[in-house]
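Worksheet: the structure to be examined is printed underneath.
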Protein chains: 2
Amino acid sequence: MSFEVDLNGKKVLRLESVYSHTIPASMGWAGLVKAGQYIRVCDPRGRQCADLWAFSAEDMDEHLSAMHTRVWVNKLCPVPGESFHSNYRRPILQMITDTCGVHDLLTAPCDEHRYRLYGVAGPHRSCAGNLREVIEPYLKLTHFYVPQPFNIFGNVPVGADGSVQNGPAPSRKGDYIVLKAWIDVICAISACPQQFNSISGWFPTEVQVDVYEPAAEQPD
Amino acid sequence: MSFEVDLNGKKVLRLESVYSHTIPASMGWAGLVKAGQYIRVCDPRGRQCADLWAFSAEDMDEHLSAMHTRVWVNKLCPVPGESFHSNYRRPILQMITDTCGVHDLLTAPCDEHRYRLYGVAGPHRSCAGNLREVIEPYLKLTHFYVPQPFNIFGNVPVGADGSVQNGPAPSRKGDYIVLKAWIDVICAISACPQQFNSISGWFPTEVQVDVYEPAAEQPD
């Protein structure tokens, strides 16, 4: 299946699908995205956050790093054209298209500690837990830690006074982003299981993932 | 030597010194700060940043976490009274006193990759390198990573449009912060060796560290 992306209003790039997967509500996914391939993350129902991580396939100690990205792009979050950077200070994923415009690069993924503080007595799925689960087959490290994710459609407005709030994901049905990989990366995505605040609209739903390559034939 | 801290303009607490150390320019320091002890980080000359990390002495996988702190205090950085939180979502250090008011909890420590990008051909000291050096005697992990630091006196203003800039540390001679430990922590501090931007006023200088306990005799 082909898909066309608008490169910042300047050019159209035709992509061919090489992989497609629907992440069920509250679950995770991980897979290889090769250098030069594109990954599209879509919210099919609206108001759903997706936490994304990216690790170098060659050396998983290198990963998308929020604290290194902010000082590179001099923004709280990259916009189309700009790239997420790794903890080795090189570009790892480029933001290509963004139909929503609101994402978060400030906050932790939900984790088992968060749900314990909400008072949940039993187990509860979490973005950090989803990452640990799906990254396992790819893991070559003796000791894994959870880096800060890129919270796609995360609505975390920062006030002029430095206040950090959160509100419902503004994504509408079918909103998506497309990222290009600069190097071979293991991408992991969690369809955020947060149901105790409004960030995913109180009702976690599924997330659509597609991986593409540039088509051999491009539009005129 | 005793030292009095003003608890948010409400009460005065007298502290007795248990440890004092001057970190030479561009170097690092690490040490144990026990639960209930206070650590004071002072800029003796002005315009000098200090990167601080804190790890649970019991389990070094637990550490001060910027991404968990922001969502707890709902601010870009805690103010006196508020606490830094750990990746296990519990308080680790409380901000007690702050004579400067400007700090940064958004940006990466300087590291070897940063100096390579500046074009430095040979080795160059860095905050991340200082952390690795000074944490080594305390390390019980098989695999260590560098968490995001708390950049004391770091001047990283965030614009209403989400822009992230940096400017010279606003600290004047003798400005300090005091933090209280909620649990036994290994604190590490780097007197930032950054000399290729204005963040430490172009000339890295020393940082003064003092650890205190509450005095047996308190002021009336």
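Residue numbers start at 1 in each chain; chains themselves are named A, B, ... in the order of the structure tokens; ligands are numbered from 1 in the order shown.
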Residue hits in chain B, query chain A, radius 10 Å, only C-alpha atoms, as number ranges by chain:
B: 61, 65-77, 87-90, 105-114, 116-117, 141-149, 156-166
All residues 7 Å or closer to Trp53 of chain A, only C-alpha atoms, same chain fewer than 4 positions away omitted, as a list in words:
Leu64, Pro149, Phe150, Cys187, Ala188 and Ile189 of chain A
Atoms to include: all heavy atoms. Write the selected residues as a PDB file, in the first residue's frame.
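Ended up saving to selection-v8.pdb:
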```pdb
ATOM      1  N   LEU A  64      17.288   7.519  21.603  1.00  0.00           N
ATOM      2  CA  LEU A  64      16.665   8.849  21.535  1.00  0.00           C
ATOM      3  C   LEU A  64      16.690   9.431  22.944  1.00  0.00           C
ATOM      4  O   LEU A  64      16.275   8.793  23.908  1.00  0.00           O
ATOM      5  CB  LEU A  64      15.229   8.703  21.024  1.00  0.00           C
ATOM      6  CG  LEU A  64      14.423   9.981  20.737  1.00  0.00           C
ATOM      7  CD1 LEU A  64      13.260   9.676  19.789  1.00  0.00           C
ATOM      8  CD2 LEU A  64      13.911  10.665  21.982  1.00  0.00           C
ATOM      9  N   PRO A 149      10.629   8.752  27.209  1.00  0.00           N
ATOM     10  CA  PRO A 149      10.017   8.549  25.896  1.00  0.00           C
ATOM     11  C   PRO A 149       9.678   9.867  25.212  1.00  0.00           C
ATOM     12  O   PRO A 149       9.670  10.933  25.825  1.00  0.00           O
ATOM     13  CB  PRO A 149       8.724   7.805  26.238  1.00  0.00           C
ATOM     14  CG  PRO A 149       8.355   8.286  27.601  1.00  0.00           C
ATOM     15  CD  PRO A 149       9.669   8.574  28.312  1.00  0.00           C
ATOM     16  N   PHE A 150       9.340   9.762  23.936  1.00  0.00           N
ATOM     17  CA  PHE A 150       8.680  10.831  23.189  1.00  0.00           C
ATOM     18  C   PHE A 150       7.191  10.496  23.247  1.00  0.00           C
ATOM     19  O   PHE A 150       6.768   9.464  22.731  1.00  0.00           O
ATOM     20  CB  PHE A 150       9.202  10.829  21.752  1.00  0.00           C
ATOM     21  CG  PHE A 150       8.419  11.693  20.794  1.00  0.00           C
ATOM     22  CD1 PHE A 150       7.970  12.949  21.160  1.00  0.00           C
ATOM     23  CD2 PHE A 150       8.132  11.233  19.512  1.00  0.00           C
ATOM     24  CE1 PHE A 150       7.242  13.743  20.269  1.00  0.00           C
ATOM     25  CE2 PHE A 150       7.418  12.019  18.612  1.00  0.00           C
ATOM     26  CZ  PHE A 150       6.964  13.277  19.005  1.00  0.00           C
ATOM     27  N   CYS A 187      12.611   0.524  17.319  1.00  0.00           N
ATOM     28  CA  CYS A 187      11.585   1.420  17.837  1.00  0.00           C
ATOM     29  C   CYS A 187      10.661   0.621  18.742  1.00  0.00           C
ATOM     30  O   CYS A 187      10.337  -0.529  18.436  1.00  0.00           O
ATOM     31  CB  CYS A 187      10.755   2.002  16.695  1.00  0.00           C
ATOM     32  SG  CYS A 187      11.331   3.594  16.136  1.00  0.00           S
ATOM     33  N   ALA A 188      10.260   1.242  19.826  1.00  0.00           N
ATOM     34  CA  ALA A 188       9.261   0.622  20.703  1.00  0.00           C
ATOM     35  C   ALA A 188       8.161   1.643  20.939  1.00  0.00           C
ATOM     36  O   ALA A 188       8.440   2.832  21.102  1.00  0.00           O
ATOM     37  CB  ALA A 188       9.896   0.194  22.023  1.00  0.00           C
ATOM     38  N   ILE A 189       6.926   1.171  20.913  1.00  0.00           N
ATOM     39  CA  ILE A 189       5.782   2.057  21.096  1.00  0.00           C
ATOM     40  C   ILE A 189       4.824   1.411  22.086  1.00  0.00           C
ATOM     41  O   ILE A 189       4.557   0.208  22.026  1.00  0.00           O
ATOM     42  CB  ILE A 189       5.062   2.314  19.756  1.00  0.00           C
ATOM     43  CG1 ILE A 189       6.005   3.067  18.804  1.00  0.00           C
ATOM     44  CG2 ILE A 189       3.767   3.106  19.959  1.00  0.00           C
ATOM     45  CD1 ILE A 189       5.495   3.178  17.383  1.00  0.00           C
TER      46      ILE A 189
END
```
Using DSSP assignments from the backbone, pull out every residue in segment 53-174 of chain B that falls under alpha helix (DSSP H) and give it to me as a PyMOL selection string.
chain B and resi 66-73+112-118+127-135
Sort by chain and increasing residue number a table of all residues of segment 119-184 of chain A within 9 Å of segment 6-27 of chain A, each with its closest pair of atoms and their distance in Å to one decimal, counting only C-alpha atoms, and write it as a tab-separated table.
```
residue	atom	partner	partner_atom	distance
A:Arg125	CA	A:Ser26	CA	6.7
A:Ser126	CA	A:Ser26	CA	7.4
A:Cys127	CA	A:Ser26	CA	8.0
A:Asn130	CA	A:Met27	CA	6.2
```
Suppose we keep all heavy atoms; can you now write the selection as a compact mmCIF listing (two decimals), in the first residue's frame?
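Writing done, so here's again_31.txt:
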```txt
# COMPACT_ATOMS: atom_id res chain seq x y z
N ARG A 125 -1.08 -2.68 33.56
CA ARG A 125 -0.17 -2.43 32.45
C ARG A 125 0.33 -0.99 32.51
O ARG A 125 -0.36 -0.10 33.02
CB ARG A 125 -0.85 -2.69 31.10
CG ARG A 125 -1.26 -4.14 30.91
CD ARG A 125 -1.48 -4.49 29.45
NE ARG A 125 -0.21 -4.56 28.74
CZ ARG A 125 0.59 -5.65 28.74
NH1 ARG A 125 0.26 -6.75 29.39
NH2 ARG A 125 1.72 -5.62 28.08
N SER A 126 1.55 -0.75 32.00
CA SER A 126 2.12 0.60 32.00
C SER A 126 2.99 0.74 30.77
O SER A 126 3.40 -0.25 30.15
CB SER A 126 2.96 0.82 33.26
OG SER A 126 4.15 0.05 33.20
N CYS A 127 3.28 1.99 30.40
CA CYS A 127 4.15 2.23 29.25
C CYS A 127 5.56 1.68 29.51
O CYS A 127 6.16 1.05 28.64
CB CYS A 127 4.20 3.72 28.92
SG CYS A 127 2.69 4.30 28.09
N ASN A 130 5.33 -2.00 29.28
CA ASN A 130 5.21 -2.39 27.87
C ASN A 130 6.56 -2.36 27.18
O ASN A 130 6.91 -3.27 26.41
CB ASN A 130 4.24 -1.47 27.13
CG ASN A 130 2.78 -1.80 27.44
OD1 ASN A 130 2.46 -2.88 27.94
ND2 ASN A 130 1.89 -0.86 27.14
```
Write down as number ranges by chain the residues belonging to chain B that are assigned strand (DSSP E) by DSSP computed on the backbone.
B: 2-7, 11-23, 28-33, 38-43, 50-56, 83-85, 91-98, 150-152, 175-181, 185-191, 207-214
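Atom CA of Lys34 of chain A is found 18.7 Å from atom CA of Gly81 of chain A.
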